[in-house]
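Q: My questions all concern the structure below.
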Number of protein chains: 2
Amino acid sequence: MPNAHDVLFKTLADPTRRALFERLCREGEQTVGALTSEARISQPAVSKHLGLLKQAGLVRDRHEGRQTHYSAELGALAPLVDWTKEMAGFWESRFDDLENLLNRMDQ
Amino acid sequence: MPNAHDVLFKTLADPTRRALFERLCREGEQTVGALTSEARISQPAVSKHLGLLKQAGLVRDRHEGRQTHYSAELGALAPLVDWTKEMAGFWESRFDDLENLLNRMDQ
DNA sequence: TCAATTCATAGCCAACGGGTTATCAATACA
DNA sequence: TGTATTGATAACCCGTTGGCTATGAATTGA
């Protein structure tokens, strides 16, 4: 039972796949052909990665004739941002606890 | 040549490993034994994961007698935060471009 | 000093993942 | 209508990874 964090981290863990996503973020919508021409892998490999990115909700596809245009779905990063904030939150609350402890010891 | 993002995403992609890191964030410093007792895997497996987390800079270890205490190194998450901000930045700048374009078309 | 505890390392194995080539479906065009 | 183009799917290969057991090193305590 993989949760949203699992899927996001796993999907973005592969450098090639993350590069595709970054490119879509930087340059906006791209066809599979355009993405393949810059990637150093075959077109089927690119399609596979795009399929996984789509499953993770990180990209959308739009069919136009025989071309497929992909674009980044940036909102999908939200759980990742939330997770990092949550972890940082625990950090700070523990730090506060320490501070409180020290303050109480001061009195 | 794996960069910082590679290492972070790959290290956090495994659910078991991420759970260990989360636990260290939530509850602070823990010994290997304490972490193992809650995890559903063997002690050597836990040690392996902790080793990878340490290599990624996500945890520190502190030896005390025959025990090893691990704690989260939260600053290590910074590149991840930066990356998400960067991606969001591209998104917004492209949105601004579109807005500018529409504004110019309005005149 | 000997036994027990704590953790790390080594070696092994099954599953997964990312790459390839081959091929097919759908669309565009001469 | 026949051919070329575009992208998705299938089948396969191989390196990586995450789990295990066995074992060793270091420390503690009887």
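Residues in the structure tokens are numbered from 1 in each chain, the chains being A, B, ... in the order shown, and ligands are numbered from 1 in the order shown.
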I need the residues of stretch 3-44 of chain B that end up classed as helix (DSSP H, G or I) by DSSP on the backbone, written out as a PyMOL selection string.
A: chain B and resi 4-13+15-27+32-38+43-44
Q: Check every residue of chain D for an atom within 12 Å of chain B, counting only C-alpha atoms (C1' of nucleotides), and provide those that qualify as a list in words.
A: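 Result, ordered by chain then number: DT17, DG18, DG19, DC20, DT21, DA22, DT23, DA25, DA26, DT27 and DT28 of chain D.
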Q: Could you turn the residues from that selection into a file that holds C-alpha atoms (C1' of nucleotides), as a CSV table (one decimal), in the first residue's frame?
A:
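This is the output file result_33.csv:
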```csv
chain,number,residue,atom,x,y,z
D,17,DT,C1',18.6,-3.3,-4.3
D,18,DG,C1',16.7,-4.9,-0.1
D,19,DG,C1',16.0,-8.7,2.5
D,20,DC,C1',18.1,-12.7,5.0
D,21,DT,C1',21.6,-15.7,7.9
D,22,DA,C1',26.2,-16.1,9.7
D,23,DT,C1',29.8,-14.1,11.8
D,25,DA,C1',34.6,-6.8,16.7
D,26,DA,C1',34.0,-4.1,20.7
D,27,DT,C1',32.2,-3.3,25.1
D,28,DT,C1',30.1,-4.6,29.5
```
Q: What does the distance between atom CA of B:Leu58 and atom CA of A:Trp83 come to in Å, to one decimal place?
A: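 It comes out at 14.7 Å.
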Q: Please, which residues in chain C fall within 9 Å of chain A when counting only C-alpha atoms (C1' of nucleotides), and what is the closest atom pair and distance in Å to one decimal for each, ordered by chain then residue number, as a Markdown table?
A:
```
| residue | atom | partner | partner_atom | distance |
| --- | --- | --- | --- | --- |
| C:DG18 | C1' | A:Ala45 | CA | 8.0 |
| C:DG19 | C1' | A:Ala45 | CA | 7.1 |
| C:DT20 | C1' | A:Ser42 | CA | 8.1 |
| C:DA26 | C1' | A:Arg66 | CA | 6.7 |
| C:DT27 | C1' | A:Arg66 | CA | 5.0 |
| C:DA28 | C1' | A:Arg66 | CA | 8.0 |
```
Q: Residues as selected, N, CA and C atoms (P, O5', C5', C4', C3', O3' and C1' of nucleotides), written as a short mmCIF file (atom, residue, chain, number, x, y, z; two decimals), in the first residue's frame, can you do that?
A:
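That gives us out.cif:
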```cif
data_model
loop_
_atom_site.label_atom_id
_atom_site.label_comp_id
_atom_site.auth_asym_id
_atom_site.auth_seq_id
_atom_site.Cartn_x
_atom_site.Cartn_y
_atom_site.Cartn_z
P DG C 18 13.36 2.74 -12.48
"O5'" DG C 18 14.34 2.82 -13.72
"C5'" DG C 18 15.74 2.71 -13.52
"C4'" DG C 18 16.39 2.28 -14.80
"C3'" DG C 18 15.89 3.04 -16.04
"O3'" DG C 18 16.98 3.36 -16.87
"C1'" DG C 18 15.61 0.74 -16.37
P DG C 19 16.79 4.42 -18.04
"O5'" DG C 19 17.09 3.53 -19.33
"C5'" DG C 19 18.42 3.28 -19.71
"C4'" DG C 19 18.54 1.97 -20.44
"C3'" DG C 19 17.90 1.92 -21.84
"O3'" DG C 19 18.79 2.46 -22.81
"C1'" DG C 19 17.50 -0.09 -20.64
P DT C 20 18.22 2.78 -24.30
"O5'" DT C 20 18.14 1.33 -24.97
"C5'" DT C 20 19.32 0.54 -25.13
"C4'" DT C 20 18.96 -0.86 -25.58
"C3'" DT C 20 18.17 -0.91 -26.89
"O3'" DT C 20 19.07 -1.07 -27.97
"C1'" DT C 20 17.16 -2.34 -25.23
P DA C 26 -6.11 1.88 -33.47
"O5'" DA C 26 -5.58 3.35 -33.78
"C5'" DA C 26 -4.95 4.07 -32.73
"C4'" DA C 26 -4.36 5.35 -33.30
"C3'" DA C 26 -5.27 6.06 -34.30
"O3'" DA C 26 -5.30 7.44 -33.95
"C1'" DA C 26 -3.13 5.72 -35.23
P DT C 27 -6.44 8.41 -34.58
"O5'" DT C 27 -5.60 9.40 -35.50
"C5'" DT C 27 -4.50 10.08 -34.91
"C4'" DT C 27 -3.52 10.45 -35.98
"C3'" DT C 27 -4.07 11.32 -37.11
"O3'" DT C 27 -3.51 12.61 -36.96
"C1'" DT C 27 -2.56 9.66 -37.89
P DA C 28 -3.93 13.83 -37.95
"O5'" DA C 28 -2.82 13.75 -39.09
"C5'" DA C 28 -1.48 13.99 -38.72
"C4'" DA C 28 -0.60 13.88 -39.95
"C3'" DA C 28 -1.03 14.74 -41.13
"O3'" DA C 28 0.12 15.41 -41.62
"C1'" DA C 28 -0.81 12.48 -41.81
#
```
Q: Could you give me, as a PDB file with N, CA and C atoms, in the first residue's frame, each residue of stretch 9-89 of chain B that DSSP assigns to strand (DSSP E or B) when run on this structure's backbone?
A:
```pdb
ATOM      1  N   GLN B  30      18.046   7.873  18.673  1.00  0.00           N
ATOM      2  CA  GLN B  30      17.658   6.505  18.992  1.00  0.00           C
ATOM      3  C   GLN B  30      18.842   5.564  18.778  1.00  0.00           C
ATOM      4  N   THR B  31      18.884   4.500  19.570  1.00  0.00           N
ATOM      5  CA  THR B  31      19.904   3.484  19.345  1.00  0.00           C
ATOM      6  C   THR B  31      19.444   2.533  18.236  1.00  0.00           C
ATOM      7  N   VAL B  59      21.537  11.495   8.483  1.00  0.00           N
ATOM      8  CA  VAL B  59      21.625  11.178   9.909  1.00  0.00           C
ATOM      9  C   VAL B  59      23.080  11.262  10.375  1.00  0.00           C
ATOM     10  N   ARG B  60      23.244  11.408  11.678  1.00  0.00           N
ATOM     11  CA  ARG B  60      24.562  11.342  12.302  1.00  0.00           C
ATOM     12  C   ARG B  60      24.572  10.160  13.251  1.00  0.00           C
ATOM     13  N   ASP B  61      25.751   9.632  13.551  1.00  0.00           N
ATOM     14  CA  ASP B  61      25.810   8.598  14.571  1.00  0.00           C
ATOM     15  C   ASP B  61      26.774   9.034  15.672  1.00  0.00           C
ATOM     16  N   ARG B  62      26.503   8.522  16.858  1.00  0.00           N
ATOM     17  CA  ARG B  62      27.300   8.875  18.031  1.00  0.00           C
ATOM     18  C   ARG B  62      27.508   7.591  18.821  1.00  0.00           C
ATOM     19  N   HIS B  63      28.756   7.213  18.995  1.00  0.00           N
ATOM     20  CA  HIS B  63      29.062   5.957  19.682  1.00  0.00           C
ATOM     21  C   HIS B  63      29.186   6.198  21.182  1.00  0.00           C
ATOM     22  N   GLU B  64      28.554   5.315  21.927  1.00  0.00           N
ATOM     23  CA  GLU B  64      28.603   5.422  23.377  1.00  0.00           C
ATOM     24  C   GLU B  64      28.667   4.005  23.919  1.00  0.00           C
ATOM     25  N   GLN B  67      26.832   0.898  22.263  1.00  0.00           N
ATOM     26  CA  GLN B  67      25.639   1.351  21.555  1.00  0.00           C
ATOM     27  C   GLN B  67      25.995   2.448  20.551  1.00  0.00           C
ATOM     28  N   THR B  68      25.218   2.505  19.484  1.00  0.00           N
ATOM     29  CA  THR B  68      25.353   3.591  18.521  1.00  0.00           C
ATOM     30  C   THR B  68      24.038   4.354  18.489  1.00  0.00           C
ATOM     31  N   HIS B  69      24.121   5.654  18.750  1.00  0.00           N
ATOM     32  CA  HIS B  69      22.925   6.493  18.725  1.00  0.00           C
ATOM     33  C   HIS B  69      22.868   7.240  17.401  1.00  0.00           C
ATOM     34  N   TYR B  70      21.728   7.168  16.759  1.00  0.00           N
ATOM     35  CA  TYR B  70      21.535   7.892  15.487  1.00  0.00           C
ATOM     36  C   TYR B  70      20.563   9.039  15.705  1.00  0.00           C
ATOM     37  N   SER B  71      20.785  10.129  14.982  1.00  0.00           N
ATOM     38  CA  SER B  71      19.857  11.261  15.039  1.00  0.00           C
ATOM     39  C   SER B  71      19.754  11.898  13.658  1.00  0.00           C
ATOM     40  N   ALA B  72      18.627  12.537  13.411  1.00  0.00           N
ATOM     41  CA  ALA B  72      18.368  13.142  12.100  1.00  0.00           C
ATOM     42  C   ALA B  72      19.200  14.401  11.903  1.00  0.00           C
TER      43      ALA B  72
END
```
Q: Identify every residue of chain A that has at least one atom within 12 Å of any atom of chain B, counting only C-alpha atoms, and report the result as JSON, numbers by chain.
A: {"A": [1, 2, 3, 4, 5, 6, 7, 8, 9, 10, 11, 12, 13, 14, 15, 16, 17, 18, 19, 21, 22, 23, 24, 25, 26, 27, 28, 29, 58, 71, 72, 73, 74, 75, 76, 77, 78, 79, 80, 81, 82, 83, 84, 85, 86, 87, 88, 89, 90, 91, 92, 93, 94, 95, 97, 98]}
